[in-house]
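Novice: Mind having a look at this structure? Questions to follow.
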Amino acid sequence: MNAAELLQNTLSPDAGVRQNAEHQLEAAARDNYGAYVGMLAAELANESTAPHLRNAAGLAVKNALTARDAARQEEFANRWTSLPEDARSDVKAKTFSTLSSQDGRAGYSAAQVIAAIAGIEIPRGLWNELIGQLTKAMGETANNLLRQAALQTIGLTCEVISSSSNPEVLAAQSNEILTAVVQGARKEEPSVEVQLAAIQALYNSLAFVKANFEREGERNYIMQVICEATQHTDIRIKVNAFECLVEIMHLYYDKMRYYMEQALFGLTVLGMRDPEPRVAMQAIEFWATVAEEELDLIMEADEAREFGEEPERPCHGFARIALPEILPVLLDTLRNQEEDAVDDDWTVAKAASAAVQGLADATTDEIVALVIPFIEQNIQSPEWNSRDAAVMCFGCIMSGPSLASLAPLVKQALPQIVQMLHDPSESVKDTASWTLGRITDLGCGAIDLDNQLSILVQALVQGLQGEPRVATNCAWALMNLCDQLGGAAKLTPEGNPAPTAVISPFFEGIIGTLLAASDRSTNEANARSSAYEALSTAVTGCAQDTLPHVNNVAVTVLDRQGKLNAMASQLVGMDDRTSWAELQTNLCSVLQALTRRLGKDILPLGDQIMGSLLTTVQACGSQSEALEDVFMAIGGFATASEAAFEKYLPSFNPFLISALQGHQDLQLCKTAIGIVGDVCRALGPASAQYAEPYMVALTENVQSQSLARDVKPVILSTFGDIALATGSGFAPFLPNTMMTLAQAAQSSVLPETPTDWAIVDFFTALREAIADAYSGIVAGVVADSRSDLLQPYVESIVTFIASVAQSSQERTETLLRSAIGLLGDVSAAYPGGELKTLLQQGWVAELIRAGRGKTMGHETRKVAAWAREQIRAASAGGS
């Protein structure tokens with residue numbers, strides 16, 4: 001095999017030649033992996049090979065070592081570590097020698113390969129000498145290309161290992177890492193490229209040098225080097241130096257008080273004013289990070305006070321102290337925008353708006369007085385960007401200050417902001433509509449409803465007909481008004497929406513305009529979907545006096561869905577199918593809202609709704625993105641119609657069971673599992689006659705090796721739903737179900753020191769689902785006075801509860817509450833003393849005490865008190 005020729009062919013413009021070469025390389029990797037990576041490493045190290053082929057060789061080796069998918073990455077790692085040591089050493093030696101290549105691109109490719117190998121080997125206790133070898137390479141002062149490549153390798157290695165399951169392995173080598181990177185990052189470094197590589201490597205290594213940051217002398221030196229780099233003449237170094245400061249503020253906030261006073265405040269203000277946008281954005285990001293960290297600390301302190309405790313970490317209040325100085329710079333920066341800027345571009349102005357919002361959240365009422373002069377001076381400016389900056393500032397601060405502080409400002413400025421929906425500048429109209437969305441979302445209580453609501457609603461309704469971005473924001477604002485001023489905002493004593501609501505006089509006009517806006521021919525800027533979302537919200541919470549208009553919505557939606565279904569066979573191309581699916585999703589969301597609001601009152605339209613939805617299922621086929629939403633709409637209709645849904649089940653069941661068995665569409669399968677629960681709850685005991693195919697499919701899914709594990713807790717919970725609905729009708733399924741739950745309980749115990757938090761989360765979800773399943777089964781059979789059916793399984797249920805009580809792994813409050821409630825249910829099922837011996841074990845009292853602890857929520861303590869009484873009664877029953 002000629003490696004150079006194959007690599008050349010992989011870059012061929014001829015698709016046939018390219019694919020043939022790729023297939024040969026894939027075959028080589030599969031049939032003789034060691035020879036494959038050795039051949040490519042030799043080609044990477046070969047100075048006579050063309051640069052682009054060396055780069056291709058390096059990329060191929062890296063791709064043979066790394067994968068985005070965690071399972072595939074583990075497979076690649078095992079394949080690499082299974083090679084003989086001499087084969088691995090040969091690849092590493094060839095790759096390491098390439099770092100000194102006079103071709104800088106080959107050196108960087110080698111750095112990527114070494115980092116990929118290090119990401120596999122170092123967490124496994126291999127290649128521990130790598131960092132020392134790279135540090136030694138930094139001493140080769142005559143070879144700047146080698147020094148640059150060595151630093152790039154350190155940075156990439158830190159980056160790779162930081163995302164591994166054992167990132168702490170590099171902390172032990174932090175001294176060596178710092179020695180190398182700080183040496184290159186100093187202002188005395190003669191090579192700009194070496195200094196740049198060093199600053200980038202320092203950024204990636206910051207998480208590993210915690211011990212060094214604890215030592216004042218070392219911390220001072222690191223901060224000095226970075227601060228000096230922010231003043232470098234090379235823009236790239238300046239940008240990366242500010243990135244380091246942002247990351248340091250995030251990682252080491254507690255250590256920053258001295259540096260803020262001495263240097264960082266001034267440096268970042270200068271940085272925010274830098275004419276180079278990349279520098280300015282990183283300096284702005286620094287203050288956004290300060291605000292974010294301090295908001296977290298404020299929340300932690302509030303939580304600690306609730307429990308009468310001192311917060312673990314103090315908040316130094318950097319944002320409050322600096323606000324009068326940095327806010328004017330940020331507000332001025334809001335003007336730095338171009339009217340024709342691309343929406344997706346992250347600009348200095350957008351960065352400044354995010355920082356202002358963060359500072360408003362962190363400083364709350366203090367920011368209001370500081371922004372008022374800026375808003376007043378600019379909101380009527382002849383310059384569009386000044387008007388835009390003023391209204392943007394208004395929107396940004398809405399989430400932080402109290403409503404009392406914002407109310408005067410909202411009442412004064414709202415008429416002007418409404419007028420700005422007609423501004424000559426499209427950008428100003430867009431920002432004004434966004435700000436109205438923020439006001440209605442976060443400050444609705446500050447609006448003068450008597451004098452301003454009518455004008456506001458009229459403007460928003462008109463805005464729905466405008467440019468797509470403005471229409472999207474106007475739909476959002478109307479959704480907020482309907483949500484906060486509709487019938488659901490003030491429920492009756494029975495828990496129903498109020499007879500009338502503040503928004504009721506405007507409801508017909510809002511609904512009509514939203515229906516028109518949702519009939520746009522395209523979904524540019526998400527305008528059509530936003531109109532449908534607002535329509536769903538308006539319907540869900542509407543007051544009683546607006547229900548006639550809701551019925552009109554149902555008729556319109558069903559008519560649109562019928563027309564869409566008729567078009568299904570005529571769709572051509574992916575764009576048409578995507579648009580069709582998106583419209584079906586929107587229509588189904590409105591149908592769900594209708595069924596939630598109308599409940600059984602939806603039944604007169606039941607035949608039309610189910611006929612339309614079942615036709616849509618057929619029109620979707622098995623691959624449509626809309627299928628899941630159609631199923632959810634059917635599930636919602638089942639919940640609303642209760643026992644009346646049974647007439648539609650024979651038609652729907654084949655689709656539902658097919659979805660349960662369709663492991664290739666994981667999300668649809670998961671949705672179908674939830675709908676089984678909806679259907680059984682709706683039909684109650686009558687669902688027993690339909691339960692067998694559900695239970696067969698669900699049991700097969702639990703046992704399947706091809707179905708993703710995170711679906712299995714959902715299945716176990718659904719067992720409980722079916723049992724609760726069917727009661728003693730669940731008896732035929734008890735043996736298999738209880739065996740499945742017992743097996744799941746045995747497998748749900750974590751090792752003593754788990755390292756993968758995804759595994760921890762899965763096992764927690766599994767244990768919560770087992771508790772839910774047992775609770776449903778117990779409640780179902782007991783409700784039918786058939787505790788005898790449960791008798792053979794009581795011990796295994798109690799064994800599971802004991803495992804939760806005695807487990808060393810962390811348990812959530814949800815799991816604790818479920819376990820306590822289950823124990824109370826079991827105790828209540830056997831009041832005659834049969835469980836006395838089981839219930840007098842020491843862990844029972846410990847579990848109840850844990851549930852009644854001061855840190856537990858009200859519901860958990862309530863469940864624990866009830867369970868204690870059931871346990872006492874059951875224990876006393878045999879006396």
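Going by the structure tokens order, chains are called A, B, ..., each with residues numbered from 1, while ligands are numbered from 1 in the order shown.
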Write out as JSON, numbers by chain which residues come within 8 Å of Ala554 (chain A) when counting only C-alpha atoms, dropping same-chain ones fewer than 4 positions away.

Specialist: {"A": [550, 558, 591, 594]}

Novice: Selection from above, N, CA and C atoms, as an mmCIF file, in the first residue's frame, can you write it?

Specialist:
```cif
data_model
loop_
_atom_site.group_PDB
_atom_site.id
_atom_site.type_symbol
_atom_site.label_atom_id
_atom_site.label_comp_id
_atom_site.auth_asym_id
_atom_site.auth_seq_id
_atom_site.Cartn_x
_atom_site.Cartn_y
_atom_site.Cartn_z
ATOM 1 N N VAL A 550 -62.789 30.546 21.099
ATOM 2 C CA VAL A 550 -61.924 29.361 21.111
ATOM 3 C C VAL A 550 -62.489 28.294 20.187
ATOM 4 N N LEU A 558 -58.674 22.633 12.429
ATOM 5 C CA LEU A 558 -59.026 21.368 11.797
ATOM 6 C C LEU A 558 -59.124 21.525 10.287
ATOM 7 N N LEU A 591 -54.097 22.219 18.957
ATOM 8 C CA LEU A 591 -55.105 21.218 19.327
ATOM 9 C C LEU A 591 -54.900 20.749 20.768
ATOM 10 N N LEU A 594 -56.297 23.389 22.965
ATOM 11 C CA LEU A 594 -57.759 23.357 22.950
ATOM 12 C C LEU A 594 -58.309 22.261 23.865
#
```

Novice: Would you mind listing what lies within 12 Å of Leu359 (chain A) as number ranges by chain, with only C-alpha atoms counted and same-chain residues fewer than 4 positions away left out?

Specialist: A: 284-295, 317-324, 326-327, 330-331, 352-355, 363-368, 370-371, 393, 396-401

Novice: Given the selection you just returned, output its residues as a file containing C-alpha atoms, formatted as a compact mmCIF listing (two decimals), in the first residue's frame.

Specialist:
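Contents of part32.txt, freshly written:
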```txt
# COMPACT_ATOMS: atom_id res chain seq x y z
CA ILE A 284 -16.96 43.01 27.77
CA GLU A 285 -17.25 39.28 28.36
CA PHE A 286 -15.08 39.75 31.45
CA TRP A 287 -17.75 41.92 33.07
CA ALA A 288 -20.54 39.64 31.90
CA THR A 289 -18.69 36.83 33.71
CA VAL A 290 -18.29 38.96 36.85
CA ALA A 291 -22.05 39.55 36.85
CA GLU A 292 -22.81 35.89 36.26
CA GLU A 293 -20.53 34.75 39.09
CA GLU A 294 -21.91 37.32 41.51
CA LEU A 295 -25.51 36.50 40.66
CA GLY A 317 -19.62 43.03 44.88
CA PHE A 318 -17.26 43.90 42.01
CA ALA A 319 -20.22 44.67 39.74
CA ARG A 320 -21.85 47.09 42.21
CA ILE A 321 -18.58 48.87 42.94
CA ALA A 322 -17.63 49.28 39.29
CA LEU A 323 -21.11 49.92 37.89
CA PRO A 324 -20.94 53.75 37.75
CA ILE A 326 -18.22 50.56 33.45
CA LEU A 327 -21.91 51.02 32.65
CA LEU A 330 -21.14 49.58 27.85
CA LEU A 331 -24.08 51.86 27.06
CA ALA A 352 -22.53 44.86 25.48
CA SER A 353 -26.28 44.23 25.66
CA ALA A 354 -25.68 40.81 27.24
CA ALA A 355 -23.31 42.38 29.76
CA THR A 363 -27.04 44.83 40.83
CA THR A 364 -30.88 44.97 40.66
CA ASP A 365 -32.35 48.37 41.61
CA GLU A 366 -29.01 50.19 41.57
CA ILE A 367 -28.82 50.15 37.79
CA VAL A 368 -32.12 51.97 37.20
CA LEU A 370 -27.80 55.04 36.09
CA VAL A 371 -29.58 54.13 32.84
CA CYS A 393 -30.89 49.32 27.20
CA CYS A 396 -31.87 44.64 28.92
CA ILE A 397 -32.50 45.89 32.46
CA MET A 398 -36.01 44.43 32.78
CA SER A 399 -34.93 41.18 34.42
CA GLY A 400 -32.95 42.64 37.33
CA PRO A 401 -34.61 45.49 39.25
```

Novice: Excluding region 478-482 of chain A and residues on its chain fewer than 2 positions from it, collect all residues at most 6 Å away from it, counting only C-alpha atoms, and give them as a list in words.

Specialist: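 Answer for this query is Thr440, Asp441, Ala475, Trp476, Gln484, Leu485, Gly486, Ala534 and Ala538 of chain A.
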
Novice: Write out as an NGL selection string the residues lying within 10 Å of Ala672 (chain A), counting only C-alpha atoms and excluding same-chain residues fewer than 5 positions away.

Specialist: :A and (628 or 631-632 or 635 or 655-662 or 666-667 or 677-678)

Novice: Let me see the file: selected residues, C-alpha atoms, as a compact mmCIF listing (two decimals), in the first residue's frame.

Specialist:
```txt
# COMPACT_ATOMS: atom_id res chain seq x y z
CA GLU A 628 -44.30 12.74 17.76
CA PHE A 631 -49.10 11.43 19.09
CA MET A 632 -48.87 14.00 21.88
CA GLY A 635 -52.55 11.71 24.18
CA PHE A 655 -50.13 3.02 15.33
CA LEU A 656 -49.38 3.19 19.05
CA ILE A 657 -48.06 -0.38 19.28
CA SER A 658 -45.98 0.13 16.13
CA ALA A 659 -44.40 3.20 17.72
CA LEU A 660 -43.68 1.25 20.91
CA GLN A 661 -41.82 -1.32 18.84
CA GLY A 662 -40.00 1.25 16.69
CA LEU A 666 -36.17 6.80 19.96
CA GLN A 667 -38.10 9.98 20.75
CA GLY A 677 -50.07 5.91 30.46
CA ASP A 678 -52.41 8.65 29.17
```

Novice: Set the distance at 10 Å and use only C-alpha atoms: which residues neighbour Ala116 (chain A) once local chain neighbours fewer than 3 positions away are removed? I'd like the list as a list in words.

Specialist: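 Contacts, in chain order: Val61, Lys62, Asn63, Ala64, Leu65, Thr66, Ala77, Ala110, Ala111, Gln112, Val113, Gly119, Ile120, Glu121, Thr153, Leu156, Thr157, Val160 and Ile161 of chain A.
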
Novice: Please produce a file of those selected residues containing N, CA and C atoms, as a short mmCIF file (atom, residue, chain, number, x, y, z; two decimals), in the first residue's frame.

Specialist:
```
data_model
loop_
_atom_site.label_atom_id
_atom_site.label_comp_id
_atom_site.auth_asym_id
_atom_site.auth_seq_id
_atom_site.Cartn_x
_atom_site.Cartn_y
_atom_site.Cartn_z
N VAL A 61 -4.76 9.97 11.45
CA VAL A 61 -4.40 9.34 12.73
C VAL A 61 -5.30 9.88 13.84
N LYS A 62 -5.46 11.19 13.87
CA LYS A 62 -6.31 11.80 14.91
C LYS A 62 -7.73 11.23 14.84
N ASN A 63 -8.27 11.10 13.63
CA ASN A 63 -9.63 10.57 13.48
C ASN A 63 -9.74 9.11 13.86
N ALA A 64 -8.60 8.41 13.85
CA ALA A 64 -8.59 7.01 14.28
C ALA A 64 -8.50 6.89 15.80
N LEU A 65 -8.30 8.02 16.47
CA LEU A 65 -8.14 8.02 17.93
C LEU A 65 -9.27 8.71 18.66
N THR A 66 -10.01 9.58 17.98
CA THR A 66 -11.02 10.38 18.66
C THR A 66 -12.38 10.26 17.98
N ALA A 77 -10.43 4.10 22.13
CA ALA A 77 -9.40 4.07 23.17
C ALA A 77 -8.96 2.63 23.44
N ALA A 110 0.93 17.18 14.30
CA ALA A 110 1.53 16.28 15.29
C ALA A 110 1.02 16.61 16.68
N ALA A 111 0.87 17.89 16.99
CA ALA A 111 0.35 18.30 18.30
C ALA A 111 -1.05 17.74 18.51
N GLN A 112 -1.88 17.76 17.48
CA GLN A 112 -3.23 17.22 17.58
C GLN A 112 -3.21 15.72 17.84
N VAL A 113 -2.31 15.01 17.14
CA VAL A 113 -2.22 13.56 17.31
C VAL A 113 -1.74 13.23 18.73
N GLY A 119 -4.97 12.00 25.57
CA GLY A 119 -6.32 11.93 26.10
C GLY A 119 -6.74 10.51 26.43
N ILE A 120 -6.16 9.55 25.74
CA ILE A 120 -6.44 8.14 26.02
C ILE A 120 -5.50 7.61 27.10
N GLU A 121 -4.22 7.91 26.97
CA GLU A 121 -3.21 7.25 27.81
C GLU A 121 -3.06 7.86 29.20
N THR A 153 0.88 21.62 21.81
CA THR A 153 0.59 20.27 22.29
C THR A 153 0.11 20.31 23.74
N LEU A 156 -3.49 21.69 23.69
CA LEU A 156 -4.46 20.73 23.17
C LEU A 156 -4.64 19.56 24.12
N THR A 157 -3.56 19.12 24.75
CA THR A 157 -3.65 18.03 25.72
C THR A 157 -4.53 18.42 26.91
N VAL A 160 -8.16 18.41 25.73
CA VAL A 160 -8.72 17.07 25.56
C VAL A 160 -9.01 16.43 26.92
N ILE A 161 -8.06 16.52 27.85
CA ILE A 161 -8.21 15.84 29.14
C ILE A 161 -9.23 16.55 30.01
#
```

Novice: Extract, using only C-alpha atoms, all DNA, RNA and protein residues at most 8 Å from Trp434 (chain A), discarding same-chain residues fewer than 3 positions from it, and format them as a list in words.

Specialist: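 Contacts, with the query itself left out: Gly395, Asp430, Thr431, Gly437, Arg438, Val470, Asn473 and Cys474 of chain A.
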
Novice: Assign secondary structure with DSSP using the backbone only, and return the residues of region 472-529 of chain A in helix (DSSP H, G or I) as a JSON list (two decimals) with C-alpha atoms, in the first residue's frame.

Specialist:
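Saved as selection.json:
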```json
[["chain", "number", "residue", "atom", "x", "y", "z"],
["A", 472, "THR", "CA", -42.14, 37.26, 16.06],
["A", 473, "ASN", "CA", -41.53, 39.64, 18.94],
["A", 474, "CYS", "CA", -45.08, 41.02, 18.80],
["A", 475, "ALA", "CA", -46.44, 37.47, 18.98],
["A", 476, "TRP", "CA", -44.23, 36.87, 22.02],
["A", 477, "ALA", "CA", -45.54, 40.05, 23.69],
["A", 478, "LEU", "CA", -49.17, 39.08, 23.01],
["A", 479, "MET", "CA", -48.48, 35.61, 24.38],
["A", 480, "ASN", "CA", -47.17, 37.21, 27.60],
["A", 481, "LEU", "CA", -50.23, 39.42, 27.93],
["A", 482, "CYS", "CA", -52.61, 36.50, 27.41],
["A", 483, "ASP", "CA", -50.67, 34.41, 29.90],
["A", 484, "GLN", "CA", -50.47, 37.04, 32.62],
["A", 485, "LEU", "CA", -53.77, 38.84, 32.09],
["A", 487, "GLY", "CA", -58.41, 33.81, 32.81],
["A", 488, "ALA", "CA", -55.74, 31.42, 34.11],
["A", 489, "ALA", "CA", -54.01, 34.30, 35.88],
["A", 504, "SER", "CA", -61.04, 39.43, 27.51],
["A", 505, "PRO", "CA", -62.22, 42.61, 25.71],
["A", 506, "PHE", "CA", -59.28, 42.29, 23.32],
["A", 507, "PHE", "CA", -59.36, 38.51, 22.99],
["A", 508, "GLU", "CA", -61.35, 38.21, 19.78],
["A", 509, "GLY", "CA", -59.11, 40.70, 17.97],
["A", 510, "ILE", "CA", -55.94, 39.03, 19.28],
["A", 511, "ILE", "CA", -57.08, 35.54, 18.27],
["A", 512, "GLY", "CA", -58.22, 36.68, 14.83],
["A", 513, "THR", "CA", -54.96, 38.45, 14.10],
["A", 514, "LEU", "CA", -52.88, 35.53, 15.40],
["A", 515, "LEU", "CA", -54.80, 33.16, 13.14],
["A", 516, "ALA", "CA", -54.07, 35.45, 10.20],
["A", 517, "ALA", "CA", -50.40, 35.80, 11.17],
["A", 524, "GLU", "CA", -38.95, 33.40, 8.22],
["A", 525, "ALA", "CA", -37.52, 34.51, 11.58],
["A", 526, "ASN", "CA", -39.85, 31.96, 13.20],
["A", 527, "ALA", "CA", -42.76, 34.39, 12.71],
["A", 528, "ARG", "CA", -45.37, 31.76, 11.79],
["A", 529, "SER", "CA", -44.43, 29.37, 14.60]]
```
